[in-house]
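**Q** Input file: protein-v6.csv. Contents: CSV, C-alpha atoms.
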chain,number,residue,atom,x,y,z
A,473,MET,CA,6.9,27.1,-19.5
A,474,LYS,CA,5.7,24.1,-21.4
A,475,ILE,CA,3.3,21.8,-19.5
A,476,PRO,CA,3.1,18.2,-20.7
A,477,PHE,CA,-0.4,16.6,-20.3
A,478,THR,CA,-2.3,13.4,-21.0
A,479,LYS,CA,-5.9,13.7,-22.2
A,480,MET,CA,-7.9,10.8,-20.7
A,481,HIS,CA,-11.4,9.7,-20.2
A,482,GLY,CA,-13.3,7.5,-17.8
A,483,ALA,CA,-16.7,6.3,-19.1
A,484,GLY,CA,-16.8,9.5,-21.3
A,485,ASN,CA,-15.8,11.9,-18.5
A,486,ASP,CA,-12.7,13.6,-20.1
A,487,PHE,CA,-9.8,15.1,-18.2
A,488,ILE,CA,-6.5,16.9,-18.7
A,489,VAL,CA,-4.1,14.9,-16.5
A,490,VAL,CA,-0.7,16.4,-15.5
A,491,ASP,CA,2.2,14.8,-13.7
A,492,ASP,CA,2.9,17.5,-11.2
A,493,ARG,CA,5.2,15.6,-8.8
A,494,ALA,CA,7.6,18.6,-9.2
A,495,LEU,CA,4.8,21.0,-8.0
A,496,THR,CA,5.3,23.4,-10.9
A,497,PHE,CA,1.8,23.5,-12.3
A,498,PRO,CA,0.2,27.1,-11.9
A,499,ILE,CA,-2.7,26.0,-9.8
A,500,ASP,CA,-3.0,29.6,-8.4
A,501,ASP,CA,-4.1,30.8,-11.9
A,502,PRO,CA,-7.7,29.8,-12.3
A,503,ALA,CA,-8.1,31.9,-15.5
A,504,PHE,CA,-5.5,29.7,-17.2
A,505,MET,CA,-7.3,26.5,-16.1
A,506,VAL,CA,-10.6,27.9,-17.4
A,507,ARG,CA,-9.0,28.6,-20.8
A,508,ILE,CA,-7.4,25.2,-21.3
A,509,CYS,CA,-10.7,23.4,-20.2
A,510,ALA,CA,-12.8,25.4,-22.8
A,511,ARG,CA,-14.4,23.1,-25.4
A,512,ARG,CA,-14.1,25.4,-28.4
A,513,THR,CA,-11.0,27.4,-27.7
A,514,GLY,CA,-8.9,25.2,-25.4
A,515,LEU,CA,-8.0,21.6,-25.0
A,516,GLY,CA,-11.5,20.8,-23.8
A,517,SER,CA,-12.2,18.8,-20.6
A,518,ASP,CA,-14.5,18.1,-17.6
A,519,GLY,CA,-11.6,19.0,-15.3
A,520,ILE,CA,-7.9,19.1,-14.6
A,521,ILE,CA,-6.2,16.4,-12.6
A,522,LEU,CA,-2.8,16.8,-10.9
A,523,LEU,CA,-0.6,14.0,-9.7
A,524,GLN,CA,1.3,15.3,-6.7
A,525,PRO,CA,3.5,13.8,-4.0
A,526,SER,CA,1.9,12.8,-0.7
A,527,GLU,CA,3.1,12.2,2.8
A,528,VAL,CA,0.2,9.9,3.7
A,529,ALA,CA,-0.4,7.9,0.4
A,530,ASP,CA,1.3,6.8,-2.8
A,531,LEU,CA,0.3,10.1,-4.4
A,532,ARG,CA,-2.0,13.1,-3.9
A,533,MET,CA,-4.8,13.9,-6.4
A,534,ARG,CA,-5.9,17.5,-6.9
A,535,PHE,CA,-8.9,18.1,-9.1
A,536,ILE,CA,-9.9,21.5,-10.7
A,537,ASN,CA,-13.3,22.0,-12.3
A,538,PRO,CA,-13.6,23.8,-15.7
A,539,ASP,CA,-14.7,26.9,-13.8
A,540,GLY,CA,-11.2,27.1,-12.2
A,541,ASN,CA,-12.4,26.0,-8.7
A,542,GLU,CA,-10.8,23.1,-6.9
A,543,VAL,CA,-13.1,20.4,-5.6
A,544,GLY,CA,-12.5,17.5,-3.2
A,545,MET,CA,-13.3,14.4,-5.3
A,546,CYS,CA,-14.1,13.1,-8.7
A,547,GLY,CA,-14.8,9.4,-9.1
A,548,ASN,CA,-14.0,9.0,-12.8
A,549,GLY,CA,-11.1,11.4,-12.4
A,550,ALA,CA,-9.6,9.3,-9.6
A,551,ARG,CA,-9.8,6.2,-11.8
A,552,CYS,CA,-8.0,8.1,-14.6
A,553,PHE,CA,-5.5,9.3,-12.0
A,554,ALA,CA,-4.9,5.7,-11.0
A,555,ARG,CA,-4.4,4.5,-14.6
A,556,ARG,CA,-1.9,7.4,-15.3
A,557,ALA,CA,0.0,6.9,-12.0
A,558,HIS,CA,0.4,3.2,-12.7
A,559,ASP,CA,1.5,3.8,-16.3
A,560,LEU,CA,4.1,6.3,-15.1
A,561,GLY,CA,5.5,3.7,-12.6
A,562,ALA,CA,4.6,6.2,-9.9
A,563,ALA,CA,2.2,3.8,-8.0
A,564,PRO,CA,1.7,0.0,-7.8
A,565,GLU,CA,-1.4,-1.8,-9.1
A,566,LYS,CA,-3.0,-1.5,-5.6
A,567,MET,CA,-2.5,2.1,-4.6
A,568,VAL,CA,-3.5,4.7,-2.0
A,569,ILE,CA,-4.5,8.1,-3.2
A,570,GLU,CA,-4.8,11.2,-1.0
A,571,THR,CA,-7.7,13.5,-1.9
A,572,GLN,CA,-9.2,16.6,-0.2
A,573,VAL,CA,-12.0,14.4,1.2
A,574,GLY,CA,-9.7,11.7,2.6
A,575,VAL,CA,-7.7,8.7,1.4
A,576,VAL,CA,-9.2,6.4,-1.2
A,577,ARG,CA,-7.8,3.2,-2.7
A,578,ALA,CA,-7.6,2.1,-6.3
A,579,GLU,CA,-6.7,-1.1,-8.1
A,580,VAL,CA,-5.6,-1.6,-11.7
A,581,LEU,CA,-7.4,-4.7,-12.9
A,582,GLY,CA,-6.3,-4.9,-16.6
A,583,GLU,CA,-8.6,-2.6,-18.5
A,584,ILE,CA,-10.7,-1.9,-15.4
A,585,ILE,CA,-9.9,0.5,-12.6
A,586,ARG,CA,-11.7,-0.2,-9.3
A,587,LEU,CA,-11.9,2.6,-6.8
A,588,THR,CA,-12.9,2.3,-3.2
A,589,MET,CA,-14.8,5.5,-2.3
A,590,THR,CA,-14.9,7.5,0.9
A,591,ASP,CA,-18.0,6.7,3.0
A,592,PRO,CA,-21.2,8.3,1.9
A,593,SER,CA,-22.6,11.0,4.2
A,594,ASP,CA,-25.2,13.7,4.8
A,595,TRP,CA,-28.1,11.5,3.7
A,596,ARG,CA,-31.4,13.4,3.1
A,597,MET,CA,-34.3,11.5,1.6
A,598,GLY,CA,-37.5,12.6,0.0
A,599,LEU,CA,-36.8,16.3,-0.4
A,600,ASP,CA,-39.5,18.4,-2.1
A,601,ILE,CA,-37.7,20.4,-4.8
A,602,GLY,CA,-40.8,21.8,-6.6
A,603,VAL,CA,-42.3,21.2,-10.0
A,604,ASP,CA,-43.7,17.9,-8.7
A,605,LEU,CA,-40.2,16.5,-8.2
A,606,ARG,CA,-38.7,14.9,-5.2
A,607,ALA,CA,-35.0,14.3,-4.7
A,608,ASP,CA,-32.8,12.2,-2.4
A,609,PHE,CA,-29.4,13.6,-1.4
A,610,VAL,CA,-26.1,12.1,-0.5
A,611,ASN,CA,-22.5,13.2,-0.4
A,612,THR,CA,-20.3,10.6,-2.1
A,613,GLY,CA,-17.2,12.8,-1.9
A,614,VAL,CA,-19.1,15.7,-3.4
A,615,GLU,CA,-22.8,16.6,-3.1
A,616,HIS,CA,-25.4,14.8,-5.2
A,617,ALA,CA,-29.2,15.1,-5.6
A,618,VAL,CA,-30.8,12.1,-7.2
A,619,VAL,CA,-34.2,12.3,-9.0
A,620,ARG,CA,-36.0,9.2,-10.3
A,621,VAL,CA,-37.6,9.6,-13.7
A,622,ASP,CA,-39.5,7.3,-16.1
A,623,ASP,CA,-38.6,9.1,-19.3
A,624,LEU,CA,-34.9,9.7,-19.1
A,625,ALA,CA,-34.5,10.8,-22.7
A,626,GLY,CA,-37.2,13.5,-22.3
A,627,VAL,CA,-35.6,15.1,-19.2
A,628,ASP,CA,-34.5,18.8,-19.6
A,629,VAL,CA,-31.2,18.1,-17.9
A,630,GLN,CA,-29.8,21.5,-18.5
A,631,GLY,CA,-32.9,23.4,-17.3
A,632,LEU,CA,-33.9,21.2,-14.4
A,633,GLY,CA,-30.4,20.4,-13.5
A,634,HIS,CA,-29.4,24.1,-13.2
A,635,GLY,CA,-32.5,24.7,-11.0
A,636,ILE,CA,-31.6,21.8,-8.7
A,637,ARG,CA,-27.9,22.8,-8.6
A,638,TYR,CA,-28.8,26.2,-7.2
A,639,HIS,CA,-31.9,25.2,-5.1
A,640,GLU,CA,-32.0,26.8,-1.7
A,641,LEU,CA,-32.1,23.3,0.0
A,642,PHE,CA,-28.5,22.9,-1.2
A,643,ALA,CA,-27.1,26.3,-0.5
A,644,PRO,CA,-24.6,27.7,-0.3
A,645,ALA,CA,-22.4,25.1,-2.0
A,646,GLY,CA,-25.0,23.8,-4.4
A,647,THR,CA,-25.2,20.3,-5.7
A,648,ASN,CA,-24.8,18.0,-8.7
A,649,ALA,CA,-28.1,16.9,-10.1
A,650,ASN,CA,-28.7,13.3,-11.3
A,651,PHE,CA,-31.7,11.9,-13.1
A,652,VAL,CA,-31.9,8.1,-12.9
A,653,LYS,CA,-34.2,5.5,-14.5
A,654,VAL,CA,-34.6,2.1,-13.1
A,655,GLU,CA,-34.5,-0.4,-16.0
A,656,ALA,CA,-36.5,-3.6,-16.2
A,657,ASP,CA,-33.4,-5.7,-15.8
A,658,GLY,CA,-32.5,-4.1,-12.5
A,659,THR,CA,-29.8,-1.8,-13.9
A,660,LEU,CA,-29.8,2.0,-13.8
A,661,SER,CA,-29.5,4.6,-16.6
A,662,LEU,CA,-28.2,8.0,-15.6
A,663,ARG,CA,-27.8,11.6,-16.8
A,664,THR,CA,-26.0,14.2,-14.7
A,665,TYR,CA,-25.8,17.9,-14.6
A,666,GLU,CA,-22.4,18.6,-13.0
A,667,ARG,CA,-21.7,21.6,-10.8
A,668,GLY,CA,-18.5,23.4,-11.9
A,669,VAL,CA,-19.0,22.2,-15.5
A,670,GLU,CA,-22.5,23.8,-15.4
A,671,ALA,CA,-23.8,21.4,-18.0
A,672,GLU,CA,-24.6,17.7,-18.6
A,673,THR,CA,-21.5,15.5,-18.8
A,674,LEU,CA,-21.2,12.1,-20.5
A,675,ALA,CA,-20.7,10.4,-17.2
A,676,CYS,CA,-20.1,11.2,-13.5
A,677,GLY,CA,-18.5,8.7,-11.2
A,678,THR,CA,-19.6,10.1,-7.9
A,679,GLY,CA,-23.0,10.6,-9.4
A,680,ALA,CA,-23.2,7.0,-10.4
A,681,VAL,CA,-22.3,6.0,-6.9
A,682,ALA,CA,-24.9,8.4,-5.5
A,683,ALA,CA,-27.6,7.1,-7.8
A,684,ALA,CA,-26.8,3.4,-7.0
A,685,LEU,CA,-26.7,4.0,-3.3
A,686,VAL,CA,-30.0,5.9,-3.3
A,687,ALA,CA,-31.6,3.2,-5.5
A,688,GLU,CA,-30.4,0.5,-3.2
A,689,ARG,CA,-31.6,2.3,-0.1
A,690,GLN,CA,-35.0,2.9,-1.7
A,691,GLY,CA,-35.3,-0.8,-2.6
A,692,TRP,CA,-35.3,-0.2,-6.3
A,693,VAL,CA,-32.1,-2.3,-7.1
A,694,ASP,CA,-29.6,-4.6,-5.4
A,695,LEU,CA,-25.9,-4.1,-5.4
A,696,PRO,CA,-23.7,-4.7,-7.4
A,697,VAL,CA,-25.5,-2.7,-10.1
A,698,ALA,CA,-24.5,-1.5,-13.5
A,699,VAL,CA,-25.0,2.2,-14.3
A,700,HIS,CA,-25.4,3.1,-17.9
A,701,CYS,CA,-23.9,6.5,-18.5
A,702,ALA,CA,-25.0,9.1,-21.1
A,703,GLY,CA,-21.8,8.5,-23.2
A,704,GLY,CA,-22.6,4.9,-23.7
A,705,TYR,CA,-20.2,3.4,-21.2
A,706,ASP,CA,-21.1,1.4,-18.1
A,707,LEU,CA,-19.9,1.8,-14.5
A,708,THR,CA,-20.4,-0.8,-11.7
A,709,VAL,CA,-21.1,0.2,-8.1
A,710,ASP,CA,-20.8,-2.4,-5.4
A,711,LEU,CA,-20.1,-2.8,-1.7
A,712,GLY,CA,-16.6,-4.3,-1.1
A,713,THR,CA,-14.9,-5.2,2.2
A,714,GLY,CA,-13.4,-1.7,2.3
A,715,GLY,CA,-16.5,0.2,1.4
A,716,VAL,CA,-18.4,1.3,-1.7
A,717,THR,CA,-16.5,0.6,-5.0
A,718,LEU,CA,-16.8,2.2,-8.4
A,719,SER,CA,-15.4,0.2,-11.3
A,720,GLY,CA,-15.0,0.9,-15.0
A,721,GLY,CA,-12.5,1.7,-17.8
A,722,ALA,CA,-10.0,4.6,-17.9
A,723,ALA,CA,-8.3,5.3,-21.2
A,724,THR,CA,-5.7,7.6,-22.7
A,725,VAL,CA,-6.9,9.7,-25.6
A,726,PHE,CA,-3.8,11.6,-26.6
A,727,LYS,CA,-0.7,13.3,-25.2
A,728,GLY,CA,0.6,16.8,-25.8
A,729,GLU,CA,1.9,19.9,-24.1
A,730,VAL,CA,0.5,23.4,-23.6
A,731,GLU,CA,2.5,26.6,-23.1
A,732,TYR,CA,1.6,28.4,-19.8
A,733,GLY,CA,0.4,31.9,-20.7
A,734,ASP,CA,-0.9,31.0,-24.1
A,735,ARG,CA,-4.5,32.1,-24.8
A,736,ILE,CA,-4.9,29.1,-27.1
Produce structure tokens that represent the structure in this file.
**A**
Amino acid sequence: MKIPFTKMHGAGNDFIVVDDRALTFPIDDPAFMVRICARRTGLGSDGIILLQPSEVADLRMRFINPDGNEVGMCGNGARCFARRAHDLGAAPEKMVIETQVGVVRAEVLGEIIRLTMTDPSDWRMGLDIGVDLRADFVNTGVEHAVVRVDDLAGVDVQGLGHGIRYHELFAPAGTNANFVKVEADGTLSLRTYERGVEAETLACGTGAVAAALVAERQGWVDLPVAVHCAGGYDLTVDLGTGGVTLSGGAATVFKGEVEYGDRI
């Protein structure tokens, strides 16, 4: 079976996006998904996004991490989903998307996709996570710990991020780990260790939202705020009439097809 796909990225987060409205994608084969997400031997991505039919929204989004496990939400992934759905003619400019964590709304605004997130939850502030670090925690569709740092370039994102991801405070599910610097101009710079990728990514949409909301709650910045991602792209987090919004670009990189069962 040949599976057509579109490689996309949102602020540097890259995804394999599949039109699965016929429900033929082998989602019950995590080993296949691990193989095609692999950077050196596969297509390479931060996750797989499936466009599927929905009974409660325009479409349903399913998101699978590179480790083969499905998760409830991905902010940059949902924005890529919206771009692809609109390009296919499968959804209008203002669309409703079903996710595992609830219904979200997206709007295509030219080059920008604005996503209205689910409400943040499970706030836990000022957590002692050891090695002289304190973290704030919030669930923005998935779990995020946020640590403020002064020297963002010098942070051992892999080492510290891995430790935070598996810290007992966040067991058993674990957490994503975000390191944020408050810039002099009132913007934020962010680096994120993503659970499921088990490495630093060039951007993280739900992480950008978590960092911005924590920074606003702590009085470090005002919303709307620009979040500078590791890949050089910016995301904007704001409070709209429907809730927290995440805005930024979502672009197609290339299209192709992969044979199910190939070891690539």
**Q** With only C-alpha atoms as the basis for distance, which of A:Asn650, A:Thr664, A:Ser526, A:Gln572 is at the shortest distance from A:Arg606?
**A**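 Nearest candidate to A:Arg606 out of A:Asn650, A:Thr664, A:Ser526, A:Gln572: A:Asn650.
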**Q** Please compute the atom CA of A:Tyr638-atom CA of A:Tyr665 distance, one decimal, in Å.
**A**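 Taking atom CA of A:Tyr638 as the start and atom CA of A:Tyr665 as the end point, the length is 11.5 Å.
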**Q** From the options A:Val528, A:Met505, A:Ala483, A:Leu495, which residue's atoms come nearest to A:Val730, counting only C-alpha atoms?
**A**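 Smallest separation from A:Val730 among the options: A:Met505.
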**Q** Write out as a PyMOL selection string the residues lying within 7 Å of A:Ser593, counting all atoms listed in the file and excluding same-chain residues fewer than 4 positions away.
**A** chain A and resi 610-612
**Q** With only C-alpha atoms as the atoms that count, which of A:His616, A:Lys474, A:Arg532, A:Arg663 lies nearest to A:Met597?
**A**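 Between A:His616, A:Lys474, A:Arg532, A:Arg663, the residue approaching A:Met597 most closely is A:His616.
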**Q** Quick one: residues within 10 Å of A:His481, all atoms listed in the file counted, chain neighbours fewer than 5 positions away excluded, as a PyMOL selection string?
**A** chain A and resi 486-489+517-518+548-549+551-552+675+721-725
**Q** For A:Met545, which residue out of A:Met589, A:Ala529, A:Val568, A:Leu523 is the nearest one, using all atoms listed in the file?
**A** A:Met589
**Q** A:Trp595, A:Phe651, A:Phe477, A:Phe642: which is nearest A:Lys727, counting only C-alpha atoms?
**A**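 Ranked by minimum distance to A:Lys727, first place goes to A:Phe477.
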**Q** Go through A:Pro592, A:Pro525, A:Gly514, A:Gly635 and flag the residue nearest A:Ala494, using all atoms listed in the file for the distances.
**A**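 Selected residue with least distance to A:Ala494: A:Pro525.
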**Q** Tell me, in Å to one decimal, how far atom CA of A:Leu660 is from atom CA of A:Leu674.
**A**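 Distance between the two atoms: 14.9 Å.
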**Q** Name the residues within 9 Å of (-29.1, 20.6, -19.9), counting all atoms listed in the file in the file's coordinates, and put them as a PyMOL selection string.
**A** chain A and resi 627-634+664-665+670-672
**Q** Would you pick out the contacts of A:Asn541 at 10 Å or less, using all atoms listed in the file, so that residues sharing its chain but fewer than 6 positions from it are not included, and give the list as a PyMOL selection string?
**A** chain A and resi 499+502-503+505-506+519+535+668
**Q** Just the number, please: distance in Å from atom CA of A:Arg596 to atom CA of A:Val543, one decimal.
**A**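 Spanning atom CA of A:Arg596 to atom CA of A:Val543 is a straight-line distance of 21.4 Å.
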**Q** Excluding A:Gly613 and its own-chain neighbours fewer than 4 positions away, which residues fall within 12 Å of it when counting all atoms listed in the file? Please give them as a ChimeraX atom specification.
**A** /A:543-548,550,571-576,588-594,647-648,677-682,716
**Q** Dump as CSV the rows for residues of stretch 630-680 of chain A within 12 Å of stretch 688-693 of chain A: closest atom pair and distance in Å with one decimal, only C-alpha atoms counted, ordered by chain and rising residue number.
**A**
residue,atom,partner,partner_atom,distance
A:Val652,CA,A:Trp692,CA,11.1
A:Lys653,CA,A:Trp692,CA,10.0
A:Val654,CA,A:Trp692,CA,7.2
A:Glu655,CA,A:Val693,CA,9.4
A:Ala656,CA,A:Val693,CA,10.2
A:Asp657,CA,A:Val693,CA,9.4
A:Gly658,CA,A:Val693,CA,5.7
A:Thr659,CA,A:Val693,CA,7.2
A:Leu660,CA,A:Val693,CA,8.3
**Q** So that I can check the surroundings of A:Thr708, please list as a ChimeraX atom specification every protein, DNA and RNA residue that reaches within 7 Å of it, counting all atoms listed in the file and ignoring chain neighbours fewer than 2 positions away.
**A** /A:696-699,706,710,718-720
